[in-house]
Every structure is written in C-alpha cells, then in structure tokens.
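Engineer: This is the content of entry.txt (compact mmCIF, C-alpha atoms):
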```
# COMPACT_ATOMS: atom_id res chain seq x y z
CA MET A 1 -35.49 9.89 4.92
CA LEU A 2 -33.07 12.23 6.64
CA VAL A 3 -29.57 11.97 5.20
CA HIS A 4 -26.58 13.36 7.06
CA THR A 5 -23.92 14.91 4.87
CA VAL A 6 -20.69 16.77 5.47
CA ARG A 7 -21.27 18.93 2.39
CA PHE A 8 -24.91 19.91 2.79
CA GLY A 9 -25.72 19.28 6.44
CA SER A 10 -28.80 17.11 7.04
CA VAL A 11 -31.14 16.89 4.08
CA GLU A 12 -34.50 15.21 3.62
CA VAL A 13 -34.45 12.82 0.66
CA GLU A 14 -37.42 10.97 -0.82
CA SER A 15 -36.83 7.24 -1.04
CA SER A 16 -37.54 7.46 -4.78
CA ARG A 17 -34.26 9.38 -5.12
CA VAL A 18 -32.09 6.75 -3.47
CA LEU A 19 -30.02 4.48 -5.73
CA GLU A 20 -28.68 1.11 -4.67
CA PHE A 21 -25.28 -0.08 -5.93
CA PRO A 22 -25.17 -3.75 -4.88
CA MET A 23 -21.49 -4.09 -5.80
CA GLY A 24 -20.37 -0.73 -4.45
CA LEU A 25 -17.92 1.35 -6.47
CA PRO A 26 -14.20 0.58 -6.89
CA GLY A 27 -12.49 2.15 -3.88
CA PHE A 28 -15.85 2.49 -2.11
CA ALA A 29 -16.99 -1.10 -1.87
CA ARG A 30 -18.89 -0.54 1.37
CA ILE A 31 -21.03 2.25 -0.06
CA ARG A 32 -24.21 0.72 -1.39
CA ARG A 33 -26.77 3.53 -1.27
CA LEU A 34 -26.42 6.93 -2.92
CA ALA A 35 -29.00 9.72 -2.77
CA ILE A 36 -29.47 12.00 -5.78
CA LEU A 37 -29.25 15.65 -4.76
CA TRP A 38 -29.61 18.64 -7.04
CA ALA A 39 -26.44 20.49 -7.84
CA GLU A 40 -26.30 24.20 -8.47
CA SER A 41 -26.68 23.62 -12.18
CA ARG A 42 -29.89 21.60 -12.51
CA GLU A 43 -30.33 19.14 -15.37
CA VAL A 44 -26.57 19.17 -15.97
CA PHE A 45 -24.96 18.20 -12.66
CA TRP A 46 -26.17 16.29 -9.65
CA TRP A 47 -24.55 15.28 -6.40
CA LEU A 48 -24.67 11.63 -5.41
CA GLN A 49 -24.41 11.53 -1.64
CA ALA A 50 -23.48 8.31 0.15
CA ILE A 51 -26.19 7.60 2.69
CA ASP A 52 -23.97 5.45 4.87
CA ASP A 53 -20.98 7.82 4.89
CA PRO A 54 -21.70 11.54 5.33
CA ALA A 55 -18.21 12.42 4.05
CA VAL A 56 -18.56 10.78 0.63
CA SER A 57 -20.27 12.49 -2.28
CA PHE A 58 -19.69 12.58 -6.01
CA LEU A 59 -20.53 15.23 -8.58
CA VAL A 60 -21.99 13.56 -11.66
CA THR A 61 -23.16 14.68 -15.08
CA ASP A 62 -24.92 13.20 -18.09
CA PRO A 63 -22.13 12.38 -20.58
CA ALA A 64 -24.44 12.85 -23.58
CA LEU A 65 -24.72 16.56 -22.75
CA TRP A 66 -20.99 16.97 -23.39
CA VAL A 67 -20.34 14.26 -25.98
CA PRO A 68 -23.33 13.85 -28.29
CA ASP A 69 -22.14 10.54 -29.79
CA TYR A 70 -21.30 9.02 -26.41
CA GLU A 71 -22.34 5.44 -25.87
CA VAL A 72 -21.60 2.72 -23.38
CA THR A 73 -21.82 -1.04 -23.62
CA ILE A 74 -23.54 -2.79 -20.73
CA ARG A 75 -22.23 -6.27 -20.05
CA PRO A 76 -24.75 -9.08 -19.56
CA GLU A 77 -23.66 -9.63 -15.95
CA ASP A 78 -24.24 -5.95 -15.20
CA SER A 79 -27.70 -6.16 -16.79
CA ILE A 80 -28.53 -8.97 -14.38
CA VAL A 81 -27.48 -6.93 -11.36
CA LEU A 82 -29.43 -3.94 -12.69
CA GLY A 83 -32.50 -6.02 -13.50
CA LEU A 84 -32.30 -4.34 -16.89
CA ASP A 85 -34.55 -5.78 -19.60
CA ARG A 86 -34.68 -2.80 -21.95
CA SER A 87 -31.78 -0.46 -22.65
CA GLU A 88 -34.25 2.48 -22.69
CA ASP A 89 -34.53 2.10 -18.90
CA ALA A 90 -30.81 2.75 -18.44
CA SER A 91 -29.57 6.15 -17.30
CA VAL A 92 -25.89 6.96 -17.58
CA LEU A 93 -23.96 9.29 -15.29
CA ALA A 94 -20.26 10.16 -15.31
CA LEU A 95 -18.27 11.06 -12.20
CA VAL A 96 -16.70 14.50 -12.35
CA SER A 97 -13.33 15.43 -10.92
CA ARG A 98 -10.82 18.22 -11.14
CA HIS A 99 -7.30 17.82 -12.46
CA GLY A 100 -5.44 21.08 -12.08
CA ASP A 101 -7.33 23.60 -14.18
CA ARG A 102 -9.36 20.96 -16.00
CA LEU A 103 -12.79 19.71 -15.02
CA THR A 104 -13.04 16.12 -16.24
CA ALA A 105 -15.69 13.42 -16.48
CA ASN A 106 -14.98 9.70 -16.30
CA LEU A 107 -16.50 8.48 -19.56
CA ARG A 108 -14.72 5.14 -19.48
CA SER A 109 -16.38 3.95 -16.29
CA PRO A 110 -19.77 5.62 -16.02
CA LEU A 111 -22.48 4.73 -13.56
CA VAL A 112 -25.38 2.96 -15.23
CA VAL A 113 -28.68 3.07 -13.36
CA ASN A 114 -31.90 1.23 -14.08
CA ALA A 115 -34.49 3.96 -13.59
CA SER A 116 -37.24 1.50 -12.72
CA THR A 117 -35.37 -0.66 -10.17
CA ARG A 118 -33.11 2.24 -9.05
CA ARG A 119 -30.20 -0.16 -9.01
CA GLY A 120 -26.86 0.90 -10.36
CA VAL A 121 -23.42 -0.38 -11.27
CA GLN A 122 -20.19 1.28 -12.29
CA VAL A 123 -19.09 0.01 -15.66
CA VAL A 124 -15.55 -1.38 -15.52
CA SER A 125 -14.27 -1.84 -19.03
CA ALA A 126 -10.79 -2.52 -20.35
CA GLU A 127 -11.87 -2.06 -23.95
CA SER A 128 -13.59 1.34 -23.84
CA CYS A 129 -12.23 3.99 -26.18
CA TRP A 130 -13.45 6.76 -23.86
CA SER A 131 -11.17 8.50 -21.38
CA LEU A 132 -11.15 8.22 -17.61
CA ARG A 133 -10.47 11.96 -17.65
CA HIS A 134 -12.45 13.48 -20.49
CA GLU A 135 -12.15 17.26 -20.24
CA ILE A 136 -15.53 18.95 -20.07
CA ALA A 137 -14.34 22.41 -19.13
CA SER A 138 -11.17 24.30 -18.49
CA ILE A 139 -11.01 26.77 -15.64
CA GLU A 140 -9.54 29.14 -18.25
CA SER A 141 -12.40 28.52 -20.70
CA PRO A 142 -15.23 30.95 -21.46
CA ALA A 143 -17.61 28.51 -19.77
CA LEU A 144 -16.08 29.47 -16.44
CA ALA A 145 -14.81 32.96 -17.19
CA GLY A 146 -16.04 35.57 -14.80
CA VAL A 147 -17.52 33.14 -12.33
CA LEU A 148 -14.46 32.53 -10.21
CA MET B 1 -0.47 -15.60 -0.43
CA LEU B 2 -1.63 -19.12 -1.18
CA VAL B 3 0.17 -20.48 -4.25
CA LEU B 4 -1.23 -23.53 -6.08
CA SER B 5 -0.01 -25.32 -9.20
CA ARG B 6 -2.63 -26.13 -11.84
CA GLN B 7 -2.56 -27.54 -15.34
CA ARG B 8 -4.69 -26.61 -18.33
CA ASP B 9 -8.42 -27.26 -17.78
CA GLN B 10 -7.99 -27.59 -14.02
CA THR B 11 -10.05 -25.45 -11.71
CA ILE B 12 -9.76 -23.78 -8.32
CA MET B 13 -12.78 -23.18 -6.10
CA ILE B 14 -13.02 -20.02 -4.01
CA GLY B 15 -15.77 -20.54 -1.48
CA ASP B 16 -18.88 -22.33 -2.70
CA ASP B 17 -19.64 -20.54 -5.91
CA ILE B 18 -16.52 -19.01 -7.47
CA GLU B 19 -14.50 -21.08 -9.95
CA VAL B 20 -11.24 -20.13 -11.64
CA THR B 21 -10.20 -22.38 -14.51
CA VAL B 22 -6.91 -22.42 -16.42
CA VAL B 23 -8.19 -22.26 -20.00
CA ASP B 24 -4.92 -22.00 -21.87
CA ILE B 25 -1.19 -21.53 -21.30
CA ARG B 26 1.07 -20.17 -24.01
CA GLY B 27 4.58 -19.01 -23.18
CA ASP B 28 4.35 -16.41 -20.43
CA ARG B 29 0.63 -15.89 -20.96
CA VAL B 30 -2.14 -17.72 -19.15
CA ARG B 31 -5.84 -17.48 -19.98
CA LEU B 32 -8.17 -17.86 -17.04
CA GLY B 33 -11.90 -18.48 -16.99
CA PHE B 34 -14.07 -17.25 -14.13
CA ARG B 35 -17.45 -18.45 -13.02
CA ALA B 36 -18.94 -16.34 -10.25
CA PRO B 37 -22.31 -14.94 -9.15
CA SER B 38 -23.21 -11.83 -11.13
CA GLU B 39 -22.90 -9.64 -8.02
CA VAL B 40 -19.24 -10.61 -7.60
CA PRO B 41 -17.18 -8.25 -9.75
CA VAL B 42 -14.22 -9.82 -11.59
CA HIS B 43 -11.78 -7.38 -13.18
CA ARG B 44 -8.19 -7.07 -14.29
CA LYS B 45 -6.42 -5.42 -11.38
CA GLU B 46 -4.76 -2.60 -13.35
CA VAL B 47 -8.12 -1.62 -14.88
CA TYR B 48 -9.83 -1.73 -11.49
CA GLU B 49 -7.03 0.27 -9.84
CA ALA B 50 -7.23 3.03 -12.45
CA ILE B 51 -10.95 3.39 -11.81
CA ARG B 52 -10.49 3.26 -8.05
CA ARG B 53 -7.97 6.11 -8.23
CA GLU B 54 -10.28 8.19 -10.40
CA ASN B 55 -13.22 7.52 -8.06
CA GLU B 56 -11.16 8.68 -5.08
CA ARG B 57 -10.21 11.77 -7.03
CA ALA B 58 -13.90 12.40 -7.80
CA ALA B 59 -14.82 12.01 -4.12
CA ALA B 60 -12.14 14.54 -3.18
CA PHE B 61 -13.62 17.14 -5.58
CA ARG B 62 -15.34 19.80 -3.51
CA GLY B 63 -17.10 21.62 -6.31
CA ASP B 64 -14.38 24.23 -5.95
CA VAL B 65 -14.63 25.82 -9.41
CA GLY B 66 -16.92 28.68 -8.54
CA ARG B 67 -20.04 28.13 -10.62
CA LEU B 68 -20.37 24.88 -12.54
CA PRO B 69 -20.16 25.15 -16.32
CA THR B 70 -22.92 24.38 -18.80
CA PRO B 71 -22.36 22.18 -21.85
CA PRO B 72 -21.86 23.77 -25.30
CA GLY B 73 -25.26 24.47 -26.83
CA HIS B 74 -27.06 24.05 -23.55
CA GLU B 75 -29.48 26.92 -23.10
CA GLY B 76 -28.06 29.50 -20.72
CA SER B 77 -26.81 28.86 -17.24
CA ARG B 78 -29.34 27.47 -14.86
CA GLU B 79 -29.16 29.05 -11.49
CA THR B 80 -31.25 27.52 -8.80
CA ALA B 81 -31.57 28.03 -5.12
```
Represent the structure contained in this file as structure tokens.

Structural biologist:
Amino acid sequence: MLVHTVRFGSVEVESSRVLEFPMGLPGFARIRRLAILWAESREVFWWLQAIDDPAVSFLVTDPALWVPDYEVTIRPEDSIVLGLDRSEDASVLALVSRHGDRLTANLRSPLVVNASTRRGVQVVSAESCWSLRHEIASIESPALAGVL
Amino acid sequence: MLVLSRQRDQTIMIGDDIEVTVVDIRGDRVRLGFRAPSEVPVHRKEVYEAIRRENERAAAFRGDVGRLPTPPGHEGSRETA
C-alpha cells in the first residue's frame, strides 16, 4: 500500500510490515496502524510511521541491543489483545526520543508486538524498574563523535 | 463531572460492559476494582500521563542527531541507502 508521510514523502509498504495497535498509544489514541520503515541504521533502529496521520512517526529500537538483561512483563489482558500464546512470538521495541544532548529510549513502556498476528500494544506499567528515559547515547559520546 | 456516593462492595456501571467496584476503604485510601473488555485500557492517570508525555516527545524527535548511533559491541556502523 502507498503510505503518505511528512518525513519520507510517499512510500510503498507491504501489508506484512503494517502493525495494528487496537488500543492506540497514550497521547495517540486514534492511531491504530503503524508501518515499519527502515531507518538509516538497519537492524538497530526503525521508523514506525502512522498510516492514518502522515505527520506522526516514531523512531524505535530493540531494547535488548542496549541493555542485555532487559526484560518486560506482559500482562494477561495485553496478551489477549495481542493474541499471544507463546512469549517467543513477542517482539519488543522502545520509542526513542531526544532530551537535550541525550538520546533516550523508553524502556518502561515498550511496544510489544505479536509477530504472527502483527498486533501490538504499548505496555503501561506502574511497577517497572526501567526508566522512561533510559540514555542510549550522548551527543558528546564517541558513538556520535564526528558524525554531527 | 458526575459525582456518585458508593459504599464498600457497591459497583458503578459505565456503559454496558465496564464495572467499577469499591473494594475497600481505609482512611483516605480507596481500592477500586475494574472489570472491562481487554481492549479498554485502565491505568492510573499519573502513570498514563507520564507515558503520554514521553510518547509526544518521541513523536517530536526528528532524527536530528546526525547519524544514529550503534549499540556497544554491535559490529560496526551499518550504513544503508
């Protein structure tokens, strides 16, 4: 399908790369479908582009790449929405944002996607020990040195 | 805002399929039980608001850090067209 985006112009997206979030995301309740687009750094970052709002996109990353012992608990009600029978089918993505000179990932409220149903939810947990703003890189850090 | 008085173990219906029950009252603390379809999210407001703010922050991020970093130990930077 052809997806119109502010960031990338119009892009063709296979339906197999469209995720459905039946409950939306906090702050974006009307957005139900997100297309997975490659980011510049493949296998580390992806863009999730809202299909129904060209202006909305999120940079996401796999938390386990940055925090090897990362884990998330999926509540039973979320498993029902996801149609998740086996935890192996779950993929976890964290939303990335920038706070000053820090690049952070939201490890407290990741997106959990069932790879086989392509349904997703954003985990909303009061008990998580992980940060909403886990630093994954500093603009000053060697990871970004020389690329700005 | 609609304000209703309820006692312990009494319930309020919201629409056809959402129930809110007063489970316990102790001092200035009330415990509520919720029964709702799984697709209806129920969250503490302050928790929800913190996530909403962070989501809006994430949506405002324009990828404006030059090239994106790679995780520690991840082999090389992956440049793709």

Engineer: Give me the residues near A:Ser97 as a PDB file with C-alpha atoms, keeping the file's coordinate frame, where near means some atom within 12 Å (using only C-alpha atoms) and where sequence neighbours in that chain fewer than 5 positions away do not count.

Structural biologist:
```
ATOM      1  CA  SER A  57     -20.270  12.490  -2.280  1.00  0.00           C
ATOM      2  CA  PHE A  58     -19.690  12.580  -6.010  1.00  0.00           C
ATOM      3  CA  LEU A  59     -20.530  15.230  -8.580  1.00  0.00           C
ATOM      4  CA  VAL A  60     -21.990  13.560 -11.660  1.00  0.00           C
ATOM      5  CA  THR A  61     -23.160  14.680 -15.080  1.00  0.00           C
ATOM      6  CA  ARG A 102      -9.360  20.960 -16.000  1.00  0.00           C
ATOM      7  CA  LEU A 103     -12.790  19.710 -15.020  1.00  0.00           C
ATOM      8  CA  THR A 104     -13.040  16.120 -16.240  1.00  0.00           C
ATOM      9  CA  ALA A 105     -15.690  13.420 -16.480  1.00  0.00           C
ATOM     10  CA  ASN A 106     -14.980   9.700 -16.300  1.00  0.00           C
ATOM     11  CA  LEU A 107     -16.500   8.480 -19.560  1.00  0.00           C
ATOM     12  CA  LEU A 132     -11.150   8.220 -17.610  1.00  0.00           C
ATOM     13  CA  ARG A 133     -10.470  11.960 -17.650  1.00  0.00           C
ATOM     14  CA  HIS A 134     -12.450  13.480 -20.490  1.00  0.00           C
ATOM     15  CA  GLU A 135     -12.150  17.260 -20.240  1.00  0.00           C
ATOM     16  CA  ILE A 136     -15.530  18.950 -20.070  1.00  0.00           C
ATOM     17  CA  ALA A 137     -14.340  22.410 -19.130  1.00  0.00           C
ATOM     18  CA  SER A 138     -11.170  24.300 -18.490  1.00  0.00           C
TER      19      SER A 138
ATOM     20  CA  ARG B  53      -7.970   6.110  -8.230  1.00  0.00           C
ATOM     21  CA  GLU B  54     -10.280   8.190 -10.400  1.00  0.00           C
ATOM     22  CA  ASN B  55     -13.220   7.520  -8.060  1.00  0.00           C
ATOM     23  CA  GLU B  56     -11.160   8.680  -5.080  1.00  0.00           C
ATOM     24  CA  ARG B  57     -10.210  11.770  -7.030  1.00  0.00           C
ATOM     25  CA  ALA B  58     -13.900  12.400  -7.800  1.00  0.00           C
ATOM     26  CA  ALA B  59     -14.820  12.010  -4.120  1.00  0.00           C
ATOM     27  CA  ALA B  60     -12.140  14.540  -3.180  1.00  0.00           C
ATOM     28  CA  PHE B  61     -13.620  17.140  -5.580  1.00  0.00           C
ATOM     29  CA  ARG B  62     -15.340  19.800  -3.510  1.00  0.00           C
ATOM     30  CA  GLY B  63     -17.100  21.620  -6.310  1.00  0.00           C
ATOM     31  CA  ASP B  64     -14.380  24.230  -5.950  1.00  0.00           C
ATOM     32  CA  VAL B  65     -14.630  25.820  -9.410  1.00  0.00           C
ATOM     33  CA  LEU B  68     -20.370  24.880 -12.540  1.00  0.00           C
TER      34      LEU B  68
END
```

Engineer: Can you list, as JSON, numbers by chain, every protein, DNA or RNA residue that comes within 8 Å of B:Arg8 when you count all atoms listed in the file, leaving out same-chain residues fewer than 4 positions away?

Structural biologist: {"B": [21, 22, 23, 24, 25]}

Engineer: Enumerate, in order of chain and increasing residue number, the residues of chain A with an atom no farther than 8 Å from chain B, each with its shortest atom pair and distance in Å to one decimal, counting only C-alpha atoms, as a Markdown table.

Structural biologist:
```
| residue | atom | partner | partner_atom | distance |
| --- | --- | --- | --- | --- |
| A:Pro22 | CA | B:Glu39 | CA | 7.1 |
| A:Met23 | CA | B:Glu39 | CA | 6.1 |
| A:Leu25 | CA | B:Arg52 | CA | 7.8 |
| A:Pro26 | CA | B:Arg52 | CA | 4.7 |
| A:Gly27 | CA | B:Arg52 | CA | 4.8 |
| A:Glu40 | CA | B:Thr80 | CA | 6.0 |
| A:Ser41 | CA | B:Arg78 | CA | 5.4 |
| A:Arg42 | CA | B:Arg78 | CA | 6.3 |
| A:Val44 | CA | B:Thr70 | CA | 7.0 |
| A:Val56 | CA | B:Ala59 | CA | 6.2 |
| A:Ser57 | CA | B:Ala59 | CA | 5.8 |
| A:Phe58 | CA | B:Ala59 | CA | 5.3 |
| A:Leu59 | CA | B:Ala58 | CA | 7.3 |
| A:Leu65 | CA | B:Pro71 | CA | 6.2 |
| A:Trp66 | CA | B:Pro71 | CA | 5.6 |
| A:Glu77 | CA | B:Ser38 | CA | 5.3 |
| A:Asp78 | CA | B:Ser38 | CA | 7.2 |
| A:Ile80 | CA | B:Ser38 | CA | 6.9 |
| A:Val81 | CA | B:Glu39 | CA | 6.3 |
| A:Leu95 | CA | B:Ala58 | CA | 6.3 |
| A:Val96 | CA | B:Ala58 | CA | 5.7 |
| A:Ser97 | CA | B:Ala58 | CA | 4.4 |
| A:Arg98 | CA | B:Phe61 | CA | 6.3 |
| A:Asn106 | CA | B:Glu54 | CA | 7.7 |
| A:Ser109 | CA | B:Ile51 | CA | 7.1 |
| A:Val124 | CA | B:Tyr48 | CA | 7.0 |
| A:Ser125 | CA | B:Val47 | CA | 7.4 |
| A:Ala126 | CA | B:Val47 | CA | 6.2 |
| A:Leu132 | CA | B:Glu54 | CA | 7.3 |
| A:Ile136 | CA | B:Pro71 | CA | 7.8 |
| A:Ala137 | CA | B:Pro69 | CA | 7.0 |
| A:Ile139 | CA | B:Val65 | CA | 7.3 |
| A:Ala143 | CA | B:Pro69 | CA | 5.4 |
| A:Leu144 | CA | B:Pro69 | CA | 5.9 |
| A:Val147 | CA | B:Arg67 | CA | 5.9 |
| A:Leu148 | CA | B:Gly66 | CA | 4.9 |
```

Engineer: Which one is closest to A:Trp47: A:Leu93, A:Leu2, A:Ala115, A:Val121? Count all atoms listed in the file.

Structural biologist: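 For A:Trp47, the nearest of the given residues is A:Leu93.
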
Engineer: From the list B:Met1, B:Arg6, B:Gly33, B:Lys45, which residue is nearest B:Ile18 when using only C-alpha atoms?

Structural biologist: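 Smallest separation from B:Ile18 among the options: B:Gly33.
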
Engineer: Once you add 4 Å to each side, what are the centre and edge lengths of the axis-aligned box holding all listed atoms of stretch 46-57 of chain A? One decimal in Å, as JSON, if you can.

Structural biologist:
```
{"center_x": -22.2, "center_y": 10.9, "center_z": -2.2, "size_x": 16.0, "size_y": 18.8, "size_z": 23.0}
```

Engineer: Record the distance separating atom CA of A:Tyr70 and atom CA of A:Trp130, expressed in Å with one decimal.

Structural biologist: 8.6 Å

Engineer: Could you tell me how far atom CA of A:Asp62 lies from atom CA of A:Val6, in Å and to one decimal?

Structural biologist: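 Atom CA of A:Val6 lies 24.2 Å from atom CA of A:Asp62.
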
Engineer: Please compute the atom CA of A:Leu84-atom CA of A:Val113 distance, one decimal, in Å.

Structural biologist: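 Interatomic distance, atom CA of A:Leu84 to atom CA of A:Val113: 9.0 Å.
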
Engineer: What's around A:Ala50 at 10 Å? Count all atoms listed in the file, leave out sequence neighbours fewer than 5 positions away in its own chain, and write the answer as a list of chain:residue names.

Structural biologist: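 Everything that qualifies: A:Val3, A:His4, A:Thr5, A:Val18, A:Leu19, A:Phe28, A:Ile31, A:Arg32, A:Arg33, A:Leu34, A:Ala35, A:Ile36, A:Ala55, A:Val56, A:Ser57, A:Phe58.
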